[in-house]
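> Got work.tsv for you, TSV, C-alpha atoms:
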chain	number	residue	atom	x	y	z
A	4	MET	CA	0.63	6.35	5.83
A	5	LEU	CA	2.42	4.19	3.24
A	6	GLU	CA	4.19	0.90	3.82
A	7	ILE	CA	5.77	-1.20	1.08
A	8	ALA	CA	7.34	-4.53	2.02
A	9	GLY	CA	9.01	-7.26	-0.06
A	10	LEU	CA	7.76	-5.76	-3.32
A	11	GLN	CA	8.56	-7.62	-6.54
A	12	ALA	CA	7.58	-6.62	-10.08
A	13	ALA	CA	8.52	-7.46	-13.65
A	14	TYR	CA	8.07	-6.42	-17.25
A	15	GLY	CA	7.15	-9.70	-18.92
A	16	HIS	CA	9.86	-12.22	-18.05
A	17	SER	CA	12.30	-9.53	-16.95
A	18	GLN	CA	12.10	-9.05	-13.19
A	19	VAL	CA	13.07	-5.52	-12.12
A	20	LEU	CA	12.00	-5.32	-8.47
A	21	HIS	CA	13.20	-8.11	-6.18
A	22	ASP	CA	12.74	-6.80	-2.64
A	23	ILE	CA	11.64	-3.18	-2.21
A	24	SER	CA	10.63	-1.91	1.21
A	25	LEU	CA	9.93	1.63	2.36
A	26	ALA	CA	7.62	3.51	4.70
A	27	ILE	CA	6.25	7.05	4.94
A	28	ALA	CA	4.62	8.55	8.04
A	29	PRO	CA	2.09	11.39	7.77
A	30	GLY	CA	3.79	14.72	7.12
A	31	GLN	CA	7.13	13.19	6.16
A	32	LEU	CA	9.18	13.88	3.05
A	33	VAL	CA	10.80	10.58	2.10
A	34	THR	CA	13.26	10.09	-0.75
A	35	LEU	CA	13.89	7.10	-3.00
A	36	MET	CA	17.46	7.11	-4.31
A	37	GLY	CA	19.55	5.00	-6.63
A	38	ARG	CA	21.43	5.06	-9.89
A	39	ASN	CA	19.58	5.05	-13.21
A	40	GLY	CA	18.02	1.69	-14.01
A	41	MET	CA	17.89	0.47	-10.40
A	42	GLY	CA	14.06	0.37	-10.24
A	43	LYS	CA	12.98	3.73	-8.84
A	44	THR	CA	10.40	4.53	-11.52
A	45	THR	CA	9.26	0.91	-11.60
A	46	THR	CA	8.61	1.17	-7.86
A	47	ILE	CA	6.48	4.27	-8.48
A	48	ARG	CA	4.61	2.59	-11.35
A	49	THR	CA	3.86	-0.43	-9.15
A	50	LEU	CA	2.73	1.78	-6.27
A	51	MET	CA	0.31	3.60	-8.60
A	52	GLY	CA	-1.17	0.39	-10.02
A	53	LEU	CA	0.36	0.89	-13.47
A	54	LEU	CA	2.36	-2.33	-13.12
A	55	PRO	CA	1.00	-5.36	-11.20
A	56	PRO	CA	3.26	-6.65	-8.43
A	57	ARG	CA	4.46	-10.25	-8.46
A	58	ALA	CA	4.79	-10.40	-4.69
A	59	GLY	CA	4.94	-8.20	-1.62
A	60	THR	CA	2.57	-5.77	0.05
A	61	ILE	CA	1.60	-2.14	-0.48
A	62	ARG	CA	-0.54	-0.61	2.25
A	63	PHE	CA	-1.81	2.96	2.14
A	64	ALA	CA	-3.72	4.45	5.07
A	65	GLY	CA	-4.30	0.93	6.40
A	66	GLN	CA	-5.63	-0.48	3.12
A	67	ASP	CA	-4.03	-3.09	0.87
A	68	ILE	CA	-3.70	-1.42	-2.54
A	69	ALA	CA	-1.26	-3.84	-4.19
A	70	ARG	CA	-3.66	-4.95	-6.91
A	71	ARG	CA	-6.05	-2.04	-7.19
A	72	SER	CA	-6.53	-0.08	-10.41
A	73	PRO	CA	-4.71	3.24	-10.91
A	74	GLU	CA	-7.94	5.23	-10.69
A	75	ARG	CA	-8.93	3.61	-7.39
A	76	ILE	CA	-5.46	4.27	-5.96
A	77	ALA	CA	-5.68	7.91	-7.04
A	78	ARG	CA	-9.10	8.26	-5.42
A	79	LEU	CA	-7.64	7.02	-2.14
A	80	GLY	CA	-5.40	10.08	-2.12
A	81	ILE	CA	-2.11	9.44	-3.93
A	82	GLY	CA	-1.23	12.17	-6.43
A	83	LEU	CA	1.47	11.48	-9.02
A	84	VAL	CA	3.78	13.90	-10.80
A	85	PRO	CA	5.14	11.45	-13.40
A	86	GLU	CA	8.55	11.41	-14.98
A	87	GLY	CA	8.32	13.33	-18.24
A	88	ARG	CA	5.39	15.46	-16.94
A	89	LEU	CA	2.74	13.96	-19.29
A	90	ILE	CA	0.44	16.99	-19.19
A	91	PHE	CA	-2.48	17.14	-21.65
A	92	PRO	CA	-1.01	19.14	-24.57
A	93	ALA	CA	-4.35	19.85	-26.27
A	94	LEU	CA	-5.93	21.33	-23.12
A	95	THR	CA	-5.33	24.80	-21.71
A	96	VAL	CA	-3.50	25.30	-18.43
A	97	ARG	CA	-6.82	25.86	-16.66
A	98	GLU	CA	-8.39	22.79	-18.27
A	99	ASN	CA	-5.39	20.64	-17.27
A	100	LEU	CA	-5.90	21.70	-13.67
A	101	ILE	CA	-9.66	21.36	-13.38
A	102	ALA	CA	-9.63	18.00	-15.22
A	103	THR	CA	-8.30	16.32	-12.07
A	104	SER	CA	-9.93	18.55	-9.46
A	105	ARG	CA	-11.38	16.89	-6.37
A	106	GLY	CA	-11.57	18.14	-2.80
A	107	THR	CA	-11.56	21.70	-1.53
A	108	PHE	CA	-8.13	22.56	-0.10
A	109	TRP	CA	-6.24	22.87	-3.37
A	110	THR	CA	-8.13	25.14	-5.75
A	111	LEU	CA	-7.22	27.02	-8.91
A	112	ASP	CA	-6.47	30.11	-6.86
A	113	ARG	CA	-4.12	28.22	-4.52
A	114	VAL	CA	-2.26	26.60	-7.42
A	115	TYR	CA	-1.97	29.97	-9.18
A	116	ALA	CA	-0.63	31.49	-5.96
A	117	LEU	CA	1.97	28.70	-5.77
A	118	PHE	CA	2.90	29.09	-9.45
A	119	PRO	CA	2.00	32.63	-10.64
A	120	ARG	CA	3.32	31.76	-14.10
A	121	LEU	CA	0.43	29.34	-14.55
A	122	ALA	CA	-2.04	32.11	-13.77
A	123	GLU	CA	-0.43	34.25	-16.48
A	124	ARG	CA	-0.80	31.40	-18.98
A	125	HIS	CA	-4.17	30.03	-17.84
A	126	ALA	CA	-5.63	30.13	-21.37
A	127	GLN	CA	-2.51	28.81	-23.12
A	128	MET	CA	-2.43	25.27	-24.50
A	129	GLY	CA	-0.36	22.89	-22.38
A	130	GLY	CA	1.71	21.73	-25.33
A	131	THR	CA	2.98	25.26	-26.00
A	132	LEU	CA	4.43	25.78	-22.52
A	133	SER	CA	8.14	25.60	-21.78
A	134	GLY	CA	9.48	22.50	-20.06
A	135	GLY	CA	9.63	24.28	-16.72
A	136	GLU	CA	6.08	25.58	-17.06
A	137	GLN	CA	4.86	22.10	-17.97
A	138	GLN	CA	6.53	20.77	-14.82
A	139	MET	CA	4.74	23.40	-12.72
A	140	LEU	CA	1.51	22.38	-14.43
A	141	ALA	CA	2.14	18.70	-13.68
A	142	ILE	CA	2.66	19.49	-10.00
A	143	GLY	CA	-0.40	21.75	-9.93
A	144	ARG	CA	-2.50	19.05	-11.61
A	145	ALA	CA	-1.45	16.51	-8.96
A	146	LEU	CA	-2.21	18.99	-6.16
A	147	MET	CA	-5.68	19.61	-7.59
A	148	THR	CA	-6.52	16.00	-6.69
A	149	ASN	CA	-5.97	17.11	-3.06
A	150	PRO	CA	-3.65	14.19	-2.35
A	151	ARG	CA	-2.83	12.79	1.06
A	152	LEU	CA	0.49	11.64	-0.45
A	153	LEU	CA	2.23	13.50	-3.28
A	154	VAL	CA	4.66	11.42	-5.39
A	155	LEU	CA	7.25	13.30	-7.47
A	156	ASP	CA	9.23	11.23	-9.99
A	157	GLU	CA	12.23	13.23	-11.28
A	158	ALA	CA	10.37	16.55	-11.00
A	159	THR	CA	13.50	18.66	-11.62
A	160	GLU	CA	15.12	16.59	-14.35
A	161	GLY	CA	16.24	18.54	-17.41
A	162	LEU	CA	15.10	21.93	-16.13
A	163	ALA	CA	17.03	25.20	-16.20
A	164	PRO	CA	18.71	26.06	-12.86
A	165	LEU	CA	16.30	28.90	-12.03
A	166	ILE	CA	13.25	26.74	-12.69
A	167	ARG	CA	14.78	23.87	-10.78
A	168	ALA	CA	15.30	26.15	-7.78
A	169	GLU	CA	11.66	27.26	-8.00
A	170	ILE	CA	10.47	23.65	-7.97
A	171	TRP	CA	12.58	22.92	-4.87
A	172	ARG	CA	11.13	25.99	-3.13
A	173	CYS	CA	7.67	24.67	-3.95
A	174	ILE	CA	8.51	21.25	-2.48
A	175	GLU	CA	9.92	22.89	0.64
A	176	ARG	CA	6.74	24.95	1.06
A	177	LEU	CA	4.53	21.90	0.65
A	178	LYS	CA	6.50	20.04	3.29
A	179	ALA	CA	6.23	22.99	5.67
A	180	GLU	CA	2.45	22.87	5.20
A	181	GLY	CA	2.39	19.23	6.31
A	182	GLN	CA	2.06	17.55	2.92
A	183	SER	CA	3.33	13.94	2.88
A	184	ILE	CA	5.74	13.56	-0.04
A	185	LEU	CA	7.71	10.81	-1.77
A	186	VAL	CA	10.50	12.20	-3.98
A	187	VAL	CA	12.66	10.54	-6.62
A	188	ASP	CA	15.44	12.88	-7.73
A	189	LYS	CA	19.18	13.03	-8.34
A	190	ASN	CA	19.97	16.22	-6.41
A	191	LEU	CA	21.51	14.76	-3.28
A	192	ALA	CA	22.05	18.12	-1.57
A	193	HIS	CA	18.38	19.09	-1.75
A	194	LEU	CA	17.22	15.59	-0.85
A	195	LYS	CA	19.38	15.53	2.28
A	196	ARG	CA	18.28	19.03	3.27
A	197	LEU	CA	14.55	18.33	2.96
A	198	GLY	CA	14.24	14.59	3.50
A	199	ASP	CA	13.13	13.11	6.81
A	200	ARG	CA	14.16	9.63	5.73
A	201	HIS	CA	15.96	8.16	2.73
A	202	PHE	CA	15.76	4.78	1.03
A	203	ILE	CA	18.46	3.64	-1.40
A	204	ILE	CA	17.76	0.89	-3.91
A	205	GLU	CA	20.25	-1.16	-5.91
A	206	LYS	CA	19.22	-3.62	-8.63
A	207	GLY	CA	15.62	-3.69	-7.43
A	208	ARG	CA	16.37	-4.12	-3.73
A	209	THR	CA	16.27	-1.70	-0.81
A	210	VAL	CA	19.86	-1.77	0.42
A	211	TRP	CA	19.87	1.09	2.95
A	212	GLN	CA	17.55	3.39	4.84
A	213	GLY	CA	18.21	6.19	7.30
A	214	SER	CA	18.17	9.89	8.11
A	215	SER	CA	20.15	12.69	6.47
A	216	ALA	CA	22.55	12.69	9.44
A	217	GLU	CA	23.14	8.97	9.03
A	218	LEU	CA	23.70	9.43	5.29
A	219	ASP	CA	26.23	12.19	5.95
A	220	ALA	CA	27.98	9.96	8.46
A	221	ALA	CA	28.53	7.29	5.80
A	222	PRO	CA	29.87	9.07	2.69
A	223	ASP	CA	30.84	5.73	1.17
A	224	LEU	CA	27.13	4.99	0.71
A	225	ALA	CA	26.67	7.87	-1.72
A	226	HIS	CA	29.73	6.83	-3.69
A	227	ARG	CA	28.84	3.15	-3.74
A	228	TYR	CA	25.14	3.35	-4.52
A	229	LEU	CA	24.60	6.81	-6.06
A	230	GLY	CA	27.84	7.41	-7.91
A	231	VAL	CA	28.44	10.68	-6.01
If you convert what's in this file into structure tokens, what do you get?


Amino acid sequence: MLEIAGLQAAYGHSQVLHDISLAIAPGQLVTLMGRNGMGKTTTIRTLMGLLPPRAGTIRFAGQDIARRSPERIARLGIGLVPEGRLIFPALTVRENLIATSRGTFWTLDRVYALFPRLAERHAQMGGTLSGGEQQMLAIGRALMTNPRLLVLDEATEGLAPLIRAEIWRCIERLKAEGQSILVVDKNLAHLKRLGDRHFIIEKGRTVWQGSSAELDAAPDLAHRYLGV
């Protein structure tokens, strides 16, 4: 479904990505791991067309999307849950959700069933929600685009433990339903439990890839590249 090879990207004269490669097959949950500042979010921004690549290829569903605009990439079926949530604070919960609605599988009722708290607060302004509720809203908003690939960038960061657990249950349910997912997160235990394949990046380069079993078999990897 998604194949990134030899990806390079920079902010001005500062090159951040030097050689990123990863691949996601339909129905897989793939993780992108690495310490802070290693290029994970920059990889996501480049994938979504928010930062132009300097070199390399990005192919989604057989199409080259490396230099397409963010809106065209979204229309192809990539839904983003960005770091920091970035919901529309001046819109209600319902308005946030229907603003991005396209397709028929994910509807308001399905999102409300996944996150009942959003149904309870459907008329509340997005900016008045708690951090956890805003994160649920950000996920629901991405799902309302009916994505072929869902990208979650630090979806559990800074949340209370109970809310964090609810988000992981949601991700697990989506995977069980066959949703293709790319996850950036720091919770190694959950990533290993749910991930089909893992990619570790260091200083803008993909330095390792493998399964959860292979990651468990090489504990030095987590210490060396993830600080665990």

> Counting only C-alpha atoms, figure out which residue out of A:Ala116, A:Ala192, A:Val96, A:Val210 gets nearest to Arg144 (chain A).

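Ranked by minimum distance to Arg144 (chain A), first place goes to A:Val96.
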
> Gly130 (chain A): which residues within 9 Å, counting all atoms listed in the file, same-chain residues fewer than 4 positions away excluded, as JSON, numbers by chain?

{"A": [90, 91, 92, 93, 94, 95, 137]}

> Which of these residues is nearest to Glu98 (chain A), using only C-alpha atoms: A:Leu54, A:Leu117, A:Ala126, A:Cys173?

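Comparing A:Leu54, A:Leu117, A:Ala126, A:Cys173 against Glu98 (chain A), the winner is A:Ala126.
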
> Let me know the centre plus edge lengths, in Å and rounded to one decimal, of a box with edges along x, y and z that contains all listed atoms of region 29-37 of chain A and is padded by 6 Å on every side, as AutoDock Vina command-line options.


--center_x 10.8 --center_y 9.9 --center_z 0.6 --size_x 29.5 --size_y 21.7 --size_z 26.4

> Which one of A:Met51, A:Leu89, A:Ile204, A:Met147 sits closest to Thr107 (chain A) if you count all atoms listed in the file?

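Using all atoms listed in the file, the shortest distance to Thr107 (chain A) belongs to A:Met147.
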
> What's around Leu155 (chain A) at 9 Å? Count all atoms listed in the file, leave out sequence neighbours fewer than 3 positions away in its own chain, and write the answer as a PyMOL selection string.

chain A and resi 82-86+142+158+184-188

> Measuring between only C-alpha atoms, which one of A:Ser214, A:Thr60, A:Asn190, A:Ser183 shows the shortest distance to Pro29 (chain A)?

A:Ser183

> What is the distance between CA of Asp199 (chain A) and CA of Lys178 (chain A), in Å to one decimal?

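Interatomic distance here is 10.2 Å.
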
> For Thr148 (chain A), list every protein, DNA or RNA residue within 6 Å, evaluated using all atoms listed in the file, and leave out those in the same chain fewer than 6 positions away; present the list as a PyMOL selection string.

chain A and resi 103-105

> Write the residues of the selection above to a file with C-alpha atoms, as a JSON list (two decimals), in the coordinates of the input.


[["chain", "number", "residue", "atom", "x", "y", "z"],
["A", 103, "THR", "CA", -8.30, 16.32, -12.07],
["A", 104, "SER", "CA", -9.93, 18.55, -9.46],
["A", 105, "ARG", "CA", -11.38, 16.89, -6.37]]

> What does the structure give for the distance between CA of Leu153 (chain A) and CA of Gln182 (chain A), in Å to one decimal?

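According to the coordinates, CA of Leu153 (chain A) and CA of Gln182 (chain A) are separated by 7.4 Å.
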
> Can you list, as number ranges by chain, every protein, DNA or RNA residue that comes within 12 Å of Ile203 (chain A) when you count all atoms listed in the file, leaving out same-chain residues fewer than 6 positions away?

A: 22-25, 33-39, 41-43, 186-189, 191, 209-214, 218, 224-229

> In Å to one decimal, how far is CA of Ala12 (chain A) from CA of Gly40 (chain A)?

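Answer for the CA of Gly40 (chain A) to CA of Ala12 (chain A) separation: 13.9 Å.
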
> Could you tell me which of A:Arg88, A:Arg151, A:His21, A:Lys206 comes closest to Trp109 (chain A) if we count all atoms listed in the file?

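Closest candidate: A:Arg151.
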
> Go through A:Thr45, A:Gln127, A:Gln31, A:Gln66 and flag the residue nearest Leu152 (chain A), using all atoms listed in the file for the distances.

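Among A:Thr45, A:Gln127, A:Gln31, A:Gln66, it is A:Gln31 that comes nearest to Leu152 (chain A).
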